[in-house]
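One structure below.
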Amino acid sequence: EGELPRVETQESAACAAGLRFAVTVNGPPDHQDVRIAHRVAEIMQWDMRYFNTPLLWTAEITPDMRRELLYRTNGELPFTEVYHHLLTRAQLAQDFGLSMQGSGGPLFRYHPWGQEFFGIGRRRLANVENVLKYRLLPHPPPPSLFSQDWLPTLRRRLKCRVEEICHEQPGTRTTQQLDAVHLLKETGHSSLYMSALYDWLPSVSPLLSAGVVKAGITMPWTMRLTSQLQRQMIYAMSPRAAGIATVYGATAEPTSFKNVHLAAWQSAKRAAHLFDKLDRILFRGVFTKRLSSRRAALEKHKLFLMHQAERQLDPKSMLSRALYTTEGLHRMLGGSDEDRQARYWVIMRLATVEALCRELGFEPEEDFLSTAPMEQAVVVQR
């Protein structure tokens, strides 16, 4: 929902300057986001550049390609994160000189501090444990994977950083503290992508520009309690775009008798999403893991990329093998495609660590992750 006013405003500015404007979307043709993006482009009469990932993600990751991806991401992202961009940015650069991404939208809703629950807006120290659990380390790898359990050390270091930020201005609200924590996380995350892609096609993030960030973090926190502000922004800038249903089922139009059923359906889906998150974080999926519908369908393009990465992960020859237990590594890399797809993000990080070790000719000892600086450890966590 937060992306539509950004695109509308940028299109108006681009047209006023006499610039050519287009939008892109990536994914399988039946993906809900792809269908919505095509509908938006159709209604707004925008030029759409669609990349069908199952057809596009077929190029083998050769040693030279892996090296380029690894150096571009500086080992701070899984090197496969810019595989898609390697295949598409040169093509887009033939017609366009700048790419605009949408990072920053959460500053216009409650996302940075929703985990505070009843502590939202109070003048006290933010719940740092919840920040770690919900925002910074929501899906840690299993401790049984590693020869030494380095995650508590990483957690302590992250907690100290977050607490320093929250204590920086005494008397501030929890929402203000957590906006600052979110900016630390988000600007680092976004800048990694922009720097990795820059000489393929320069990329900027308008919603993280200083003026927009200031507007988001200085408005009363009550205005951001729901997504209502974003819906109002969309409707004010483009009533046509506001009429398109989002992934939650409702539109950004003002609630009326004709669409109240959509608003009710959106509330129900958001409640289910919250329940799913609470179950995963607090109860380790005890309730939802029993539902077969919760298991993600196989994604052909992701499987191709995972198989490419797994070619480096032979437990007998890995330079990084001392970091892991033999049993934990076999468990992580074993099972069906469906099983391993559920562990996709961990497997991609293991492949990145191994690629770094091979590039550097480095064979770490088993205690390396528990003794190394934090910057060298975070690549393995999600």
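Ligands are numbered from 1 in the order shown, chains are lettered A, B, ... in the order of the structure tokens, and residues start at 1 in each chain.
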DSSP-assigned strand (DSSP E) members of range 10-232 of chain A, reported as a count of residues only: 14
Non-local contacts of Asn259 in chain A (12 Å; only C-alpha atoms; under 5 positions in same chain excluded) as a VMD selection string: chain A and resid 243 to 245 249 to 254 264 to 266
Non-local contacts of Leu303 in chain A (9 Å; only C-alpha atoms; under 4 positions in same chain excluded) as a ChimeraX atom specification: /A:298-299,307-308,337,340-341,344
Among the residues A:Phe283, A:Gln176, A:Met318, A:His139, the one that comes closest to Ala342 in chain A [using only C-alpha atoms]: A:His139
Neighbour list for Phe117 in chain A as a list in words, cut-off 12 Å, only C-alpha atoms, skip fewer than 4 positions in-chain: Tyr110, His111, Pro112, Trp113, Gly121, Arg122, Ala126, Asn127, Asn130, Val131, Tyr134, Thr174, Thr175, Leu225, Leu274 and Leu278 of chain A
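Close contacts of Ser144 in chain A, defined as residues with an atom at most 9 Å away when counting only C-alpha atoms, with chain neighbours fewer than 3 positions off set aside, comprise Pro141, Ser147, Gln148, Asp149, Tyr324, Thr325, Glu327, Gly328 and Leu329 of chain A.
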Kindly export the residues of the current selection with N, CA, C and O atoms, as a PDB file, in the first residue's frame.
```pdb
ATOM      1  N   PRO A 141      19.401 -19.140  13.042  1.00  0.00           N
ATOM      2  CA  PRO A 141      19.676 -20.535  12.670  1.00  0.00           C
ATOM      3  C   PRO A 141      19.718 -21.413  13.918  1.00  0.00           C
ATOM      4  O   PRO A 141      19.974 -20.915  15.022  1.00  0.00           O
ATOM      5  N   SER A 147      29.435 -25.728  15.659  1.00  0.00           N
ATOM      6  CA  SER A 147      30.345 -26.378  16.600  1.00  0.00           C
ATOM      7  C   SER A 147      30.329 -25.673  17.944  1.00  0.00           C
ATOM      8  O   SER A 147      30.443 -26.315  18.994  1.00  0.00           O
ATOM      9  N   GLN A 148      30.223 -24.354  17.925  1.00  0.00           N
ATOM     10  CA  GLN A 148      30.093 -23.578  19.150  1.00  0.00           C
ATOM     11  C   GLN A 148      28.910 -22.633  18.996  1.00  0.00           C
ATOM     12  O   GLN A 148      28.702 -22.062  17.929  1.00  0.00           O
ATOM     13  N   ASP A 149      28.156 -22.469  20.058  1.00  0.00           N
ATOM     14  CA  ASP A 149      26.956 -21.627  20.012  1.00  0.00           C
ATOM     15  C   ASP A 149      27.359 -20.158  20.160  1.00  0.00           C
ATOM     16  O   ASP A 149      27.536 -19.651  21.266  1.00  0.00           O
ATOM     17  N   TYR A 324      30.744 -25.932  11.823  1.00  0.00           N
ATOM     18  CA  TYR A 324      29.481 -26.648  11.974  1.00  0.00           C
ATOM     19  C   TYR A 324      29.704 -28.046  12.555  1.00  0.00           C
ATOM     20  O   TYR A 324      30.772 -28.648  12.395  1.00  0.00           O
ATOM     21  N   THR A 325      28.672 -28.580  13.184  1.00  0.00           N
ATOM     22  CA  THR A 325      28.690 -29.976  13.581  1.00  0.00           C
ATOM     23  C   THR A 325      28.350 -30.823  12.354  1.00  0.00           C
ATOM     24  O   THR A 325      27.586 -30.388  11.482  1.00  0.00           O
ATOM     25  N   GLU A 327      26.569 -33.540  12.178  1.00  0.00           N
ATOM     26  CA  GLU A 327      25.145 -33.886  12.191  1.00  0.00           C
ATOM     27  C   GLU A 327      24.277 -32.691  11.798  1.00  0.00           C
ATOM     28  O   GLU A 327      23.333 -32.815  11.006  1.00  0.00           O
ATOM     29  N   GLY A 328      24.596 -31.517  12.346  1.00  0.00           N
ATOM     30  CA  GLY A 328      23.806 -30.320  12.037  1.00  0.00           C
ATOM     31  C   GLY A 328      23.896 -29.932  10.574  1.00  0.00           C
ATOM     32  O   GLY A 328      22.898 -29.531   9.963  1.00  0.00           O
ATOM     33  N   LEU A 329      25.095 -30.055   9.983  1.00  0.00           N
ATOM     34  CA  LEU A 329      25.271 -29.708   8.575  1.00  0.00           C
ATOM     35  C   LEU A 329      24.515 -30.674   7.676  1.00  0.00           C
ATOM     36  O   LEU A 329      23.849 -30.255   6.716  1.00  0.00           O
TER      37      LEU A 329
END
```
Proximity to Thr187 in chain A - best of A:Cys166, A:Ala268, A:Ala41, A:Ala210, only C-alpha atoms: A:Ala210
Need to verify the contact set: Pro54 in chain A, 12 Å, only C-alpha atoms, exclusion of same-chain residues closer than 3 positions in sequence. Can you return it as a PDB file with N, CA, C and O atoms, in the first residue's frame?
```pdb
ATOM      1  N   ASN A  26       8.903  -8.232 -10.487  1.00  0.00           N
ATOM      2  CA  ASN A  26       9.605  -9.496 -10.696  1.00  0.00           C
ATOM      3  C   ASN A  26       8.853 -10.608  -9.973  1.00  0.00           C
ATOM      4  O   ASN A  26       8.314 -10.392  -8.886  1.00  0.00           O
ATOM      5  N   GLY A  27       8.842 -11.799 -10.555  1.00  0.00           N
ATOM      6  CA  GLY A  27       8.220 -12.937  -9.891  1.00  0.00           C
ATOM      7  C   GLY A  27       7.484 -13.835 -10.852  1.00  0.00           C
ATOM      8  O   GLY A  27       7.359 -13.525 -12.048  1.00  0.00           O
ATOM      9  N   PRO A  28       6.952 -14.953 -10.367  1.00  0.00           N
ATOM     10  CA  PRO A  28       6.146 -15.842 -11.207  1.00  0.00           C
ATOM     11  C   PRO A  28       4.866 -15.141 -11.644  1.00  0.00           C
ATOM     12  O   PRO A  28       4.334 -14.301 -10.900  1.00  0.00           O
ATOM     13  N   PRO A  29       4.339 -15.472 -12.821  1.00  0.00           N
ATOM     14  CA  PRO A  29       3.158 -14.758 -13.331  1.00  0.00           C
ATOM     15  C   PRO A  29       1.915 -14.916 -12.473  1.00  0.00           C
ATOM     16  O   PRO A  29       1.031 -14.052 -12.507  1.00  0.00           O
ATOM     17  N   ASP A  30       1.827 -16.001 -11.678  1.00  0.00           N
ATOM     18  CA  ASP A  30       0.634 -16.206 -10.864  1.00  0.00           C
ATOM     19  C   ASP A  30       0.783 -15.651  -9.448  1.00  0.00           C
ATOM     20  O   ASP A  30      -0.129 -15.790  -8.627  1.00  0.00           O
ATOM     21  N   HIS A  31       1.918 -15.011  -9.154  1.00  0.00           N
ATOM     22  CA  HIS A  31       2.120 -14.457  -7.815  1.00  0.00           C
ATOM     23  C   HIS A  31       1.198 -13.257  -7.622  1.00  0.00           C
ATOM     24  O   HIS A  31       1.015 -12.434  -8.515  1.00  0.00           O
ATOM     25  N   PHE A  51       9.661  -9.018 -15.292  1.00  0.00           N
ATOM     26  CA  PHE A  51      10.669 -10.069 -15.379  1.00  0.00           C
ATOM     27  C   PHE A  51      10.105 -11.346 -14.749  1.00  0.00           C
ATOM     28  O   PHE A  51       9.869 -11.389 -13.535  1.00  0.00           O
ATOM     29  N   TRP A  57      15.650 -16.905 -14.279  1.00  0.00           N
ATOM     30  CA  TRP A  57      16.682 -17.444 -13.386  1.00  0.00           C
ATOM     31  C   TRP A  57      17.119 -18.827 -13.878  1.00  0.00           C
ATOM     32  O   TRP A  57      16.795 -19.859 -13.275  1.00  0.00           O
ATOM     33  N   THR A  58      17.848 -18.840 -14.961  1.00  0.00           N
ATOM     34  CA  THR A  58      18.340 -20.103 -15.530  1.00  0.00           C
ATOM     35  C   THR A  58      19.831 -20.058 -15.827  1.00  0.00           C
ATOM     36  O   THR A  58      20.402 -21.064 -16.249  1.00  0.00           O
ATOM     37  N   ALA A  59      20.475 -18.918 -15.629  1.00  0.00           N
ATOM     38  CA  ALA A  59      21.898 -18.779 -15.922  1.00  0.00           C
ATOM     39  C   ALA A  59      22.729 -19.417 -14.815  1.00  0.00           C
ATOM     40  O   ALA A  59      22.558 -19.102 -13.628  1.00  0.00           O
ATOM     41  N   HIS A  84      19.525 -11.664  -9.517  1.00  0.00           N
ATOM     42  CA  HIS A  84      18.473 -11.141 -10.400  1.00  0.00           C
ATOM     43  C   HIS A  84      18.892  -9.824 -11.032  1.00  0.00           C
ATOM     44  O   HIS A  84      18.658  -9.580 -12.223  1.00  0.00           O
ATOM     45  N   LEU A 298       6.514 -25.047  -3.705  1.00  0.00           N
ATOM     46  CA  LEU A 298       7.835 -24.997  -4.327  1.00  0.00           C
ATOM     47  C   LEU A 298       7.917 -23.831  -5.305  1.00  0.00           C
ATOM     48  O   LEU A 298       7.002 -23.604  -6.095  1.00  0.00           O
ATOM     49  N   GLU A 299       9.005 -23.103  -5.238  1.00  0.00           N
ATOM     50  CA  GLU A 299       9.243 -21.991  -6.152  1.00  0.00           C
ATOM     51  C   GLU A 299      10.404 -22.362  -7.066  1.00  0.00           C
ATOM     52  O   GLU A 299      11.555 -22.448  -6.621  1.00  0.00           O
ATOM     53  N   LYS A 300      10.094 -22.574  -8.331  1.00  0.00           N
ATOM     54  CA  LYS A 300      11.065 -23.105  -9.289  1.00  0.00           C
ATOM     55  C   LYS A 300      12.326 -22.251  -9.349  1.00  0.00           C
ATOM     56  O   LYS A 300      13.453 -22.778  -9.362  1.00  0.00           O
ATOM     57  N   HIS A 301      12.164 -20.933  -9.385  1.00  0.00           N
ATOM     58  CA  HIS A 301      13.331 -20.068  -9.539  1.00  0.00           C
ATOM     59  C   HIS A 301      14.211 -20.094  -8.289  1.00  0.00           C
ATOM     60  O   HIS A 301      15.437 -20.074  -8.382  1.00  0.00           O
ATOM     61  N   LYS A 302      13.598 -20.162  -7.111  1.00  0.00           N
ATOM     62  CA  LYS A 302      14.386 -20.240  -5.880  1.00  0.00           C
ATOM     63  C   LYS A 302      15.123 -21.571  -5.779  1.00  0.00           C
ATOM     64  O   LYS A 302      16.269 -21.625  -5.318  1.00  0.00           O
ATOM     65  N   LEU A 303      14.460 -22.638  -6.197  1.00  0.00           N
ATOM     66  CA  LEU A 303      15.112 -23.945  -6.157  1.00  0.00           C
ATOM     67  C   LEU A 303      16.340 -23.970  -7.053  1.00  0.00           C
ATOM     68  O   LEU A 303      17.376 -24.542  -6.694  1.00  0.00           O
ATOM     69  N   PHE A 304      16.233 -23.357  -8.246  1.00  0.00           N
ATOM     70  CA  PHE A 304      17.380 -23.310  -9.148  1.00  0.00           C
ATOM     71  C   PHE A 304      18.554 -22.610  -8.481  1.00  0.00           C
ATOM     72  O   PHE A 304      19.690 -23.092  -8.512  1.00  0.00           O
ATOM     73  N   LEU A 305      18.277 -21.478  -7.852  1.00  0.00           N
ATOM     74  CA  LEU A 305      19.345 -20.714  -7.207  1.00  0.00           C
ATOM     75  C   LEU A 305      19.915 -21.476  -6.016  1.00  0.00           C
ATOM     76  O   LEU A 305      21.138 -21.488  -5.787  1.00  0.00           O
TER      77      LEU A 305
END
```
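Using only C-alpha atoms, the residues found no farther than 10 Å from Leu201 in chain A, other than those of its own chain fewer than 6 positions away, are His85, Thr88, Arg89, Ala90, Gln91, Leu92, Ala93, Gln94, Phe96, Gly97, Leu98, Ser99 and Met194 of chain A.
Separating CA of Ser317 in chain A from CA of Val82 in chain A is a distance of 26.1 Å.
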Helix (DSSP H, G or I) positions in range 234-349 of chain A, given as a ChimeraX atom specification: /A:234-237,239-242,260-282,288-290,292-294,300-310,321-323,326-333,337-341,344-349
Output C-alpha atoms for every residue in the selection just made, as a tab-separated table (two decimals), in the first residue's frame.
```tsv
chain	number	residue	atom	x	y	z
A	234	ILE	CA	-2.66	6.99	-1.76
A	235	TYR	CA	-6.22	8.23	-2.18
A	236	ALA	CA	-5.18	11.90	-2.07
A	237	MET	CA	-2.50	11.41	-4.73
A	239	PRO	CA	-7.96	7.90	-6.47
A	240	ARG	CA	-7.55	5.52	-9.41
A	241	ALA	CA	-4.69	3.65	-7.76
A	242	ALA	CA	-6.54	3.69	-4.44
A	260	VAL	CA	-17.03	-2.41	4.06
A	261	HIS	CA	-16.87	-6.16	3.38
A	262	LEU	CA	-13.35	-5.68	1.96
A	263	ALA	CA	-12.31	-3.70	5.04
A	264	ALA	CA	-13.63	-6.51	7.27
A	265	TRP	CA	-11.76	-9.11	5.22
A	266	GLN	CA	-8.55	-7.08	5.50
A	267	SER	CA	-8.93	-6.87	9.29
A	268	ALA	CA	-9.40	-10.63	9.47
A	269	LYS	CA	-6.31	-11.30	7.33
A	270	ARG	CA	-4.20	-8.90	9.37
A	271	ALA	CA	-5.36	-10.60	12.58
A	272	ALA	CA	-4.37	-13.99	11.10
A	273	HIS	CA	-0.98	-12.55	10.13
A	274	LEU	CA	-0.46	-11.27	13.70
A	275	PHE	CA	-1.48	-14.64	15.15
A	276	ASP	CA	0.97	-16.42	12.83
A	277	LYS	CA	3.81	-14.10	13.89
A	278	LEU	CA	3.04	-14.47	17.60
A	279	ASP	CA	2.89	-18.25	17.22
A	280	ARG	CA	6.25	-18.36	15.41
A	281	ILE	CA	8.01	-16.03	17.83
A	282	LEU	CA	6.48	-16.99	21.17
A	288	THR	CA	0.32	-23.19	12.80
A	289	LYS	CA	2.89	-25.86	11.88
A	290	ARG	CA	0.15	-28.48	11.99
A	292	SER	CA	-0.53	-28.26	5.76
A	293	SER	CA	-1.57	-25.04	4.04
A	294	ARG	CA	1.16	-23.21	5.95
A	300	LYS	CA	11.06	-23.11	-9.29
A	301	HIS	CA	13.33	-20.07	-9.54
A	302	LYS	CA	14.39	-20.24	-5.88
A	303	LEU	CA	15.11	-23.94	-6.16
A	304	PHE	CA	17.38	-23.31	-9.15
A	305	LEU	CA	19.35	-20.71	-7.21
A	306	MET	CA	19.51	-22.91	-4.11
A	307	HIS	CA	20.84	-25.85	-6.14
A	308	GLN	CA	23.50	-23.57	-7.63
A	309	ALA	CA	24.60	-22.47	-4.16
A	310	GLU	CA	24.54	-25.98	-2.73
A	321	ARG	CA	33.24	-27.06	7.79
A	322	ALA	CA	34.87	-26.62	11.23
A	323	LEU	CA	32.21	-24.01	12.07
A	326	THR	CA	28.64	-32.89	11.14
A	327	GLU	CA	25.15	-33.89	12.19
A	328	GLY	CA	23.81	-30.32	12.04
A	329	LEU	CA	25.27	-29.71	8.58
A	330	HIS	CA	23.85	-32.94	7.17
A	331	ARG	CA	20.46	-32.10	8.68
A	332	MET	CA	20.54	-28.60	7.18
A	333	LEU	CA	21.50	-29.81	3.70
A	337	ASP	CA	13.40	-29.85	-2.05
A	338	GLU	CA	10.40	-28.77	0.03
A	339	ASP	CA	12.33	-29.30	3.25
A	340	ARG	CA	15.36	-27.38	2.06
A	341	GLN	CA	13.32	-24.55	0.57
A	344	TYR	CA	16.49	-21.39	1.99
A	345	TRP	CA	17.80	-18.30	3.78
A	346	VAL	CA	20.12	-20.25	6.08
A	347	ILE	CA	21.48	-22.36	3.20
A	348	MET	CA	22.22	-19.23	1.17
A	349	ARG	CA	24.15	-17.77	4.08
```
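In this comparison, which uses only C-alpha atoms, the residue of A:Glu168, A:Glu42, A:Glu354, A:Asp367 approaching Ala22 in chain A most closely is A:Glu42.
Nearest residue to Gly105 in chain A among A:Leu183, A:Tyr193, A:Phe257, A:Ser336 is A:Leu183, counting only C-alpha atoms.
Comparing the minimum interatomic distances between Thr222 in chain A and each of A:Pro63, A:Leu70, A:Thr24, A:Ile120, counting only C-alpha atoms, we find that A:Ile120 sits nearest.
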